[in-house]
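Just data39.cif here, mmCIF, C-alpha atoms and all ligand atoms:
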data_work
loop_
_atom_site.label_atom_id
_atom_site.label_comp_id
_atom_site.auth_asym_id
_atom_site.auth_seq_id
_atom_site.Cartn_x
_atom_site.Cartn_y
_atom_site.Cartn_z
CA ALA A 181 38.45 -12.73 6.74
CA THR A 182 34.97 -13.75 5.57
CA PRO A 183 33.07 -13.35 8.87
CA THR A 184 34.82 -10.02 9.49
CA ALA A 185 33.74 -8.62 6.13
CA LEU A 186 30.17 -9.72 6.82
CA LEU A 187 30.22 -8.07 10.21
CA VAL A 188 31.56 -4.86 8.73
CA GLY A 189 28.84 -5.03 6.08
CA THR A 190 25.99 -5.45 8.53
CA GLY A 191 27.47 -2.91 10.97
CA ARG A 192 27.69 -0.30 8.21
CA GLY A 193 24.10 -1.25 7.40
CA ALA A 194 22.99 -0.26 10.88
CA GLN A 195 24.71 3.11 10.43
CA LEU A 196 22.83 3.65 7.17
CA GLY A 197 19.52 2.75 8.81
CA ILE A 198 19.32 -0.71 7.28
CA LEU A 199 18.69 -3.71 9.49
CA ILE A 200 19.82 -6.99 7.94
CA LYS A 201 18.36 -10.18 9.39
CA GLY A 202 21.45 -12.29 8.75
CA PRO A 203 24.56 -12.55 6.58
CA GLU A 204 22.85 -15.03 4.23
CA VAL A 205 20.66 -12.16 3.06
CA LEU A 206 23.59 -10.56 1.24
CA GLU A 207 23.67 -13.32 -1.37
CA SER A 208 20.03 -12.69 -2.35
CA THR A 209 20.83 -9.11 -3.33
CA ARG A 210 23.00 -10.41 -6.19
CA LYS A 211 20.27 -12.49 -7.80
CA ALA A 212 17.62 -9.76 -7.88
CA ASP A 213 16.82 -8.36 -11.33
CA THR A 214 13.26 -7.24 -10.58
CA VAL A 215 11.97 -5.03 -7.78
CA VAL A 216 8.29 -5.18 -6.91
CA LEU A 217 7.12 -2.06 -5.06
CA ASP A 218 3.93 -1.66 -3.07
CA LYS A 219 2.25 1.74 -3.57
CA THR A 220 0.55 2.95 -0.38
CA GLY A 221 3.05 3.50 2.42
CA THR A 222 6.00 2.42 0.27
CA ILE A 223 6.20 4.71 -2.78
CA THR A 224 3.81 7.12 -1.07
CA SER A 225 3.88 8.26 2.55
CA GLY A 226 0.66 6.40 3.34
CA GLN A 227 -0.45 9.42 5.40
CA MET A 228 -3.70 10.02 3.60
CA THR A 229 -5.97 13.04 3.99
CA LEU A 230 -9.64 13.39 3.19
CA VAL A 231 -10.16 15.68 0.20
CA ASP A 232 -13.78 15.46 -0.88
CA VAL A 233 -17.19 14.15 0.16
CA VAL A 234 -19.99 13.71 -2.38
CA ALA A 235 -23.54 12.57 -1.60
CA ALA A 236 -26.10 10.73 -3.73
CA ASN A 237 -29.50 9.02 -3.53
CA GLY A 238 -31.02 11.50 -1.09
CA ALA A 239 -28.21 11.43 1.48
CA ASP A 240 -26.42 14.60 2.57
CA ARG A 241 -22.68 15.06 2.76
CA ALA A 242 -22.56 15.40 6.54
CA GLU A 243 -24.40 12.10 6.94
CA VAL A 244 -22.14 10.31 4.43
CA LEU A 245 -19.08 11.51 6.32
CA ARG A 246 -20.49 10.76 9.78
CA LEU A 247 -21.53 7.18 9.02
CA ALA A 248 -18.39 6.36 7.04
CA GLY A 249 -16.19 7.97 9.72
CA ALA A 250 -17.88 6.02 12.51
CA LEU A 251 -17.17 2.78 10.68
CA GLU A 252 -13.58 3.62 9.71
CA VAL A 253 -12.58 4.36 13.31
CA ALA A 254 -12.40 0.57 13.70
CA SER A 255 -10.07 0.03 10.71
CA GLU A 256 -6.31 0.52 10.56
CA HIS A 257 -6.18 1.07 6.80
CA PRO A 258 -4.59 4.41 5.77
CA ILE A 259 -7.81 5.29 3.94
CA ALA A 260 -9.76 4.61 7.12
CA GLN A 261 -7.52 6.84 9.20
CA ALA A 262 -8.03 9.72 6.75
CA VAL A 263 -11.81 9.26 6.72
CA ALA A 264 -12.10 8.88 10.49
CA ALA A 265 -9.94 11.95 11.14
CA GLY A 266 -11.90 14.02 8.61
CA ALA A 267 -15.22 12.93 10.11
CA ALA A 268 -14.13 13.52 13.71
CA LYS A 269 -13.46 17.18 12.87
CA ALA A 270 -17.14 17.63 12.06
CA GLY A 271 -18.34 16.27 15.40
CA PRO A 272 -18.61 13.22 17.67
CA LEU A 273 -19.01 9.88 15.91
CA PRO A 274 -21.63 7.25 16.76
CA ALA A 275 -20.71 3.73 17.88
CA VAL A 276 -20.44 0.73 15.55
CA THR A 277 -21.67 -2.81 16.05
CA GLY A 278 -20.87 -5.88 13.97
CA PHE A 279 -17.78 -4.33 12.40
CA ALA A 280 -16.07 -6.42 9.72
CA ASN A 281 -12.85 -5.74 7.87
CA LEU A 282 -13.28 -7.06 4.31
CA GLU A 283 -9.66 -7.42 3.33
CA GLY A 284 -8.70 -5.56 0.15
CA LEU A 285 -12.28 -4.44 -0.37
CA GLY A 286 -13.41 -2.22 2.50
CA VAL A 287 -15.34 -2.38 5.76
CA SER A 288 -18.88 -3.03 6.95
CA GLY A 289 -20.87 -2.57 10.16
CA VAL A 290 -23.99 -1.18 11.73
CA VAL A 291 -24.10 2.53 12.65
CA ASP A 292 -27.24 4.25 13.97
CA GLY A 293 -29.26 1.18 13.03
CA ARG A 294 -28.08 1.26 9.41
CA ALA A 295 -26.01 -1.42 7.70
CA VAL A 296 -23.13 0.63 6.27
CA LEU A 297 -20.49 -0.33 3.71
CA VAL A 298 -17.37 1.67 2.81
CA GLY A 299 -15.04 0.43 0.12
CA ARG A 300 -14.13 -0.02 -3.50
CA PRO A 301 -16.68 -0.36 -6.33
CA ARG A 302 -16.09 -4.10 -6.45
CA LEU A 303 -17.41 -4.43 -2.88
CA LEU A 304 -20.66 -2.71 -3.83
CA ARG A 305 -21.01 -4.73 -7.02
CA GLU A 306 -20.55 -7.94 -5.04
CA ARG A 307 -23.56 -6.87 -2.95
CA ASP A 308 -25.60 -6.05 -6.08
CA LEU A 309 -25.53 -2.31 -5.44
CA VAL A 310 -25.53 0.14 -8.32
CA VAL A 311 -23.12 3.08 -8.32
CA PRO A 312 -24.97 6.24 -9.46
CA GLU A 313 -23.44 7.81 -12.58
CA GLU A 314 -22.86 11.23 -11.02
CA ILE A 315 -20.70 9.89 -8.20
CA GLU A 316 -18.91 7.48 -10.51
CA ALA A 317 -17.83 10.48 -12.63
CA VAL A 318 -16.43 12.25 -9.56
CA GLY A 319 -14.53 9.09 -8.66
CA THR A 320 -13.03 8.76 -12.14
CA ALA A 321 -11.82 12.38 -12.06
CA ALA A 322 -10.26 11.90 -8.61
CA GLN A 323 -8.46 8.74 -9.73
CA ALA A 324 -7.03 10.50 -12.79
CA ALA A 325 -5.51 12.98 -10.32
CA GLY A 326 -3.93 10.07 -8.41
CA ARG A 327 -6.46 10.11 -5.56
CA THR A 328 -8.22 7.07 -4.17
CA ALA A 329 -12.01 7.12 -4.19
CA VAL A 330 -14.13 4.92 -1.94
CA LEU A 331 -17.88 4.48 -1.96
CA VAL A 332 -20.27 4.67 0.96
CA ALA A 333 -23.53 2.71 0.99
CA TRP A 334 -26.27 1.92 3.49
CA ASP A 335 -29.64 0.27 3.49
CA GLY A 336 -29.10 -1.23 0.07
CA ARG A 337 -28.08 1.91 -1.84
CA ALA A 338 -24.88 3.75 -2.71
CA ARG A 339 -25.05 7.04 -0.79
CA GLY A 340 -21.82 8.81 -1.44
CA LEU A 341 -18.18 8.91 -2.36
CA LEU A 342 -15.08 10.01 -0.45
CA THR A 343 -11.76 10.89 -2.02
CA VAL A 344 -8.48 10.70 -0.16
CA ALA A 345 -5.05 11.94 -1.19
CA ASP A 346 -1.68 10.48 -0.42
CA VAL A 347 1.68 12.05 -1.27
CA VAL A 348 4.52 10.39 -3.17
CA ARG A 349 7.61 10.45 -0.94
CA PRO A 350 10.01 13.02 -2.40
CA SER A 351 12.82 10.44 -2.55
CA SER A 352 10.83 7.75 -4.40
CA ALA A 353 11.54 8.88 -7.97
CA VAL A 354 15.28 9.14 -7.27
CA ALA A 355 15.26 5.69 -5.69
CA VAL A 356 13.47 4.12 -8.67
CA ARG A 357 16.04 5.57 -11.06
CA GLN A 358 18.91 4.29 -8.89
CA LEU A 359 17.34 0.83 -8.59
CA ARG A 360 17.25 0.70 -12.41
CA GLU A 361 20.92 1.68 -12.51
CA LEU A 362 21.62 -1.30 -10.23
CA GLY A 363 19.96 -3.53 -12.84
CA LEU A 364 16.60 -3.93 -11.13
CA ASN A 365 13.48 -3.58 -13.24
CA PRO A 366 10.72 -1.86 -11.18
CA VAL A 367 7.13 -3.13 -11.02
CA LEU A 368 4.35 -1.38 -9.07
CA LEU A 369 2.00 -3.80 -7.27
CA THR A 370 -1.10 -2.48 -5.53
CA GLY A 371 -4.63 -3.21 -4.40
CA ASP A 372 -5.63 0.27 -5.44
CA ASN A 373 -7.36 1.28 -8.65
CA GLU A 374 -5.52 1.01 -12.01
CA THR A 375 -5.81 4.74 -12.85
CA VAL A 376 -4.49 5.84 -9.45
CA ALA A 377 -1.66 3.31 -9.74
CA ARG A 378 -0.70 4.57 -13.24
CA THR A 379 -0.64 8.18 -12.08
CA VAL A 380 1.71 7.35 -9.21
CA ALA A 381 3.84 5.08 -11.43
CA ASP A 382 4.26 7.88 -14.00
CA GLU A 383 5.27 10.26 -11.24
CA VAL A 384 8.14 8.04 -10.11
CA GLY A 385 9.13 6.57 -13.49
CA ILE A 386 7.73 3.02 -13.35
CA ASP A 387 6.30 1.49 -16.57
CA GLN A 388 5.01 -1.86 -15.32
CA VAL A 389 1.88 -1.65 -13.15
CA ILE A 390 -0.11 -4.51 -11.62
CA ALA A 391 -3.18 -2.97 -9.93
CA GLU A 392 -6.42 -4.01 -8.18
CA VAL A 393 -4.69 -7.06 -6.74
CA LEU A 394 -6.34 -8.58 -3.67
CA PRO A 395 -4.03 -9.02 -0.65
CA ALA A 396 -4.05 -12.81 -1.02
CA ASP A 397 -2.98 -12.51 -4.67
CA LYS A 398 0.11 -10.33 -4.14
CA VAL A 399 2.14 -13.45 -3.31
CA ALA A 400 0.89 -15.12 -6.52
CA VAL A 401 2.28 -12.21 -8.55
CA VAL A 402 5.72 -12.69 -6.96
CA GLN A 403 5.55 -16.44 -7.65
CA ARG A 404 4.63 -15.84 -11.28
CA LEU A 405 7.62 -13.52 -11.77
CA GLN A 406 9.85 -16.15 -10.16
CA ARG A 407 8.49 -18.85 -12.50
CA GLU A 408 9.40 -16.55 -15.38
CA GLY A 409 12.96 -16.84 -14.08
CA ARG A 410 13.23 -13.49 -12.39
CA GLY A 411 15.05 -12.83 -9.14
CA VAL A 412 12.50 -10.84 -7.18
CA ALA A 413 13.13 -8.20 -4.55
CA MET A 414 9.91 -6.92 -2.96
CA ILE A 415 9.49 -3.71 -0.97
CA GLY A 416 6.37 -3.23 1.14
CA ASP A 417 4.94 -2.05 4.42
CA GLY A 418 1.51 -3.54 4.95
CA VAL A 419 -0.08 -6.60 6.51
CA ASN A 420 -1.23 -7.35 2.96
CA ASP A 421 2.41 -7.37 1.73
CA ALA A 422 3.74 -9.87 4.30
CA ALA A 423 3.22 -13.09 2.33
CA ALA A 424 4.73 -11.55 -0.80
CA LEU A 425 7.70 -10.21 1.19
CA ALA A 426 8.36 -13.69 2.58
CA GLN A 427 8.02 -15.29 -0.87
CA ALA A 428 10.36 -12.83 -2.60
CA ASP A 429 14.04 -13.75 -3.02
CA LEU A 430 14.74 -10.58 -1.08
CA GLY A 431 12.08 -8.96 1.12
CA LEU A 432 12.55 -5.35 2.21
CA ALA A 433 10.18 -3.77 4.73
CA MET A 434 9.63 -0.09 5.37
CA GLY A 435 10.56 0.59 9.00
CA THR A 436 7.49 2.86 9.15
CA GLY A 437 5.30 -0.12 8.25
CA THR A 438 3.56 -2.90 10.14
CA ASP A 439 5.32 -5.41 12.39
CA VAL A 440 4.05 -8.29 10.25
CA ALA A 441 5.76 -6.86 7.17
CA ILE A 442 9.01 -6.33 9.10
CA GLU A 443 8.96 -9.87 10.47
CA ALA A 444 8.37 -11.34 7.00
CA SER A 445 11.34 -9.47 5.50
CA ASP A 446 15.07 -10.00 5.18
CA LEU A 447 15.88 -6.33 5.48
CA THR A 448 14.28 -3.33 7.19
CA LEU A 449 14.64 0.21 5.89
CA VAL A 450 14.47 1.99 9.23
CA ARG A 451 13.61 5.51 8.04
CA GLY A 452 11.08 4.27 5.52
CA GLU A 453 12.79 5.91 2.56
CA LEU A 454 13.19 3.94 -0.67
CA THR A 455 16.66 5.37 -1.18
CA ALA A 456 17.71 3.15 1.75
CA ALA A 457 16.85 0.13 -0.44
CA VAL A 458 19.41 1.41 -2.93
CA ASP A 459 21.99 1.77 -0.13
CA ALA A 460 21.14 -1.73 1.12
CA ILE A 461 21.66 -3.39 -2.25
CA ARG A 462 24.86 -1.44 -2.98
CA LEU A 463 26.27 -2.24 0.47
CA SER A 464 25.39 -5.94 0.23
CA ARG A 465 26.96 -6.30 -3.19
CA ARG A 466 30.07 -4.42 -2.10
CA THR A 467 30.37 -6.59 1.03
CA LEU A 468 30.09 -9.72 -1.11
CA SER A 469 32.78 -8.54 -3.49
CA ILE A 470 35.13 -8.03 -0.53
CA ILE A 471 34.50 -11.60 0.64
CA ARG A 472 35.23 -13.08 -2.76
P1 LIG A 501 -3.10 -1.21 -1.03
O1 LIG A 501 -2.31 -2.21 -1.83
O2 LIG A 501 -3.19 0.11 -1.76
O3 LIG A 501 -2.60 -1.06 0.40
P2 LIG A 501 -5.50 -2.71 -0.09
O4 LIG A 501 -5.41 -4.10 -0.63
O5 LIG A 501 -5.27 -2.53 1.37
O6 LIG A 501 -4.63 -1.71 -0.99
O7 LIG A 501 -6.95 -2.14 -0.44
C1 LIG A 501 -7.41 -2.12 -1.77
C2 LIG A 501 -8.60 -1.20 -1.92
O8 LIG A 501 -9.70 -1.67 -1.07
C3 LIG A 501 -8.35 0.23 -1.46
O9 LIG A 501 -7.76 1.00 -2.48
C4 LIG A 501 -9.78 0.67 -1.13
O10 LIG A 501 -10.46 1.03 -2.32
C5 LIG A 501 -10.40 -0.57 -0.54
N1 LIG A 501 -10.28 -0.59 0.93
C6 LIG A 501 -9.54 -1.42 1.69
N2 LIG A 501 -9.69 -1.16 3.01
C7 LIG A 501 -10.53 -0.11 3.09
C8 LIG A 501 -11.11 0.65 4.18
N3 LIG A 501 -10.83 0.41 5.45
N4 LIG A 501 -11.95 1.64 3.84
C9 LIG A 501 -12.26 1.92 2.58
N5 LIG A 501 -11.76 1.26 1.52
C10 LIG A 501 -10.92 0.26 1.76
MG MG A 502 1.24 -0.46 1.57
#
Structure rendered as structure tokens:
Amino acid sequence: ATPTALLVGTGRGAQLGILIKGPEVLESTRKADTVVLDKTGTITSGQMTLVDVVAANGADRAEVLRLAGALEVASEHPIAQAVAAGAAKAGPLPAVTGFANLEGLGVSGVVDGRAVLVGRPRLLRERDLVVPEEIEAVGTAAQAAGRTAVLVAWDGRARGLLTVADVVRPSSAVAVRQLRELGLNPVLLTGDNETVARTVADEVGIDQVIAEVLPADKVAVVQRLQREGRGVAMIGDGVNDAAALAQADLGLAMGTGTDVAIEASDLTLVRGELTAAVDAIRLSRRTLSIIR
């Protein structure tokens, strides 16, 4: 009877849009008491749009957008896609040479003979660049509204700021409440800014926020929770979530996410809705109770 119940469980999973890697995964759903959720592309849609462009230090807005857009064409980050799409609307974009993806920080490259940087404040600080007060204030206001702000710099000076908006998936708040009802304590884990992370967490009902975490450190957060004795389920979509998804007791990937995240996970939520994680855990637990 045991193999039959497992087959029924995983078959029903496929109907619900949940792909389970193997029957052994079911057991992990019982141990989980903590659920770590990535922000961009997991709680939010990850389909960002460019909202604002601000210039500083003698640059003009069109130039800030053109140079940043040219650089971001080469990046697959959701922020990059928003910036590149916004810039392309204004006209053709110049070519880039020496492009580098600085993981969790931003991008760099040469456009029109200028060494351009686009990324978070930390990236500019690491290069000894000063962020002008007026653009910093715009960034702070955007973050309080839940938007991500990135800085643009070239030739040794910060030249502007871009803000991008993402939308919280309508089903995320419901899913967080249901995960709590299943006994899972939610934690938001993101590389994005603390203020943005808090705003999104408040919107979906999460109290515990771990923000500004570099991609390589996401796995360390999962390990720390495990050392504290917690059974960790992790839900993510990005390349930067893969190691943490593999480390978690139960890794769940958004089907709308990257292949690397899907490969690293035990379960895939095909439609990319967090409510499917609730279905997955309920179904697994029910299947286990039939076996016993
Ligand atoms: P998340 O966990 O939100 O997916 P990441 O670790 O990918 O975050 O990135 C963290 C931060 O680094 C972003 O919020 C952004 O400020 C900056 N960043 C990363 N990649 C880019 C990029 N291509 N363009 C601009 N900024 C970037
Ligand atoms: Mg993500």
Show me which residues sit within 8 Å of ligand LIG 501 (chain A) when counting all atoms listed in the file, and put them as JSON, numbers by chain.
{"A": [218, 219, 220, 221, 252, 255, 256, 257, 258, 259, 260, 281, 282, 283, 284, 285, 286, 287, 298, 299, 300, 301, 328, 329, 330, 331, 369, 370, 371, 372, 373, 392, 393, 394, 395, 418, 420, 421]}
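Put simply, atom CA of Val402 of chain A is 27.6 Å away from atom CA of Leu196 of chain A.
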Could you give me, as number ranges by chain, the residues within 6 Å of segment 244-251 of chain A, counting all atoms listed in the file and dropping anything in the same chain fewer than 6 positions from it?
A: 263-264, 267, 273-274
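Compared by their closest atoms to ligand MG 502 (chain A), and using only C-alpha atoms and all ligand atoms, the residues A:Ala456, A:Ile415, A:Ile390, A:Leu430 rank with A:Ile415 nearest.
Take atom CA of Leu359 of chain A and atom CA of Ala212 of chain A: the distance between them is 10.6 Å.
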Tell me, as an MDAnalysis selection string, which residues lie within 8 Å of Gly193 of chain A, counting all atoms listed in the file; anything in the same chain fewer than 6 positions away does not count.
chainID A and resid 199:200 460 463
Protein/DNA/RNA residues near (-22.2, 14.3, 4.7), cut 10 Å, only C-alpha atoms, as a list in words
Val233, Val234, Ala235, Ala236, Ala239, Asp240, Arg241, Ala242, Glu243, Val244, Leu245, Arg246, Leu247, Ala248, Ala267, Ala270, Arg339, Gly340, Leu341 and Leu342 of chain A
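Taking atom CA of Thr214 of chain A and atom CA of Gln195 of chain A as the two end points, the separation is 26.1 Å.
Residue nearest Ala353 of chain A within the list A:Gly431, A:Gly385, A:Gly271, A:Gly191: A:Gly385 [criterion: smallest interatomic distance, all atoms listed in the file].
Nearest residue to ligand MG 502 (chain A), choosing from A:Gln323, A:Thr277, A:Ser469, A:Thr222 and counting only C-alpha atoms and all ligand atoms: A:Thr222.
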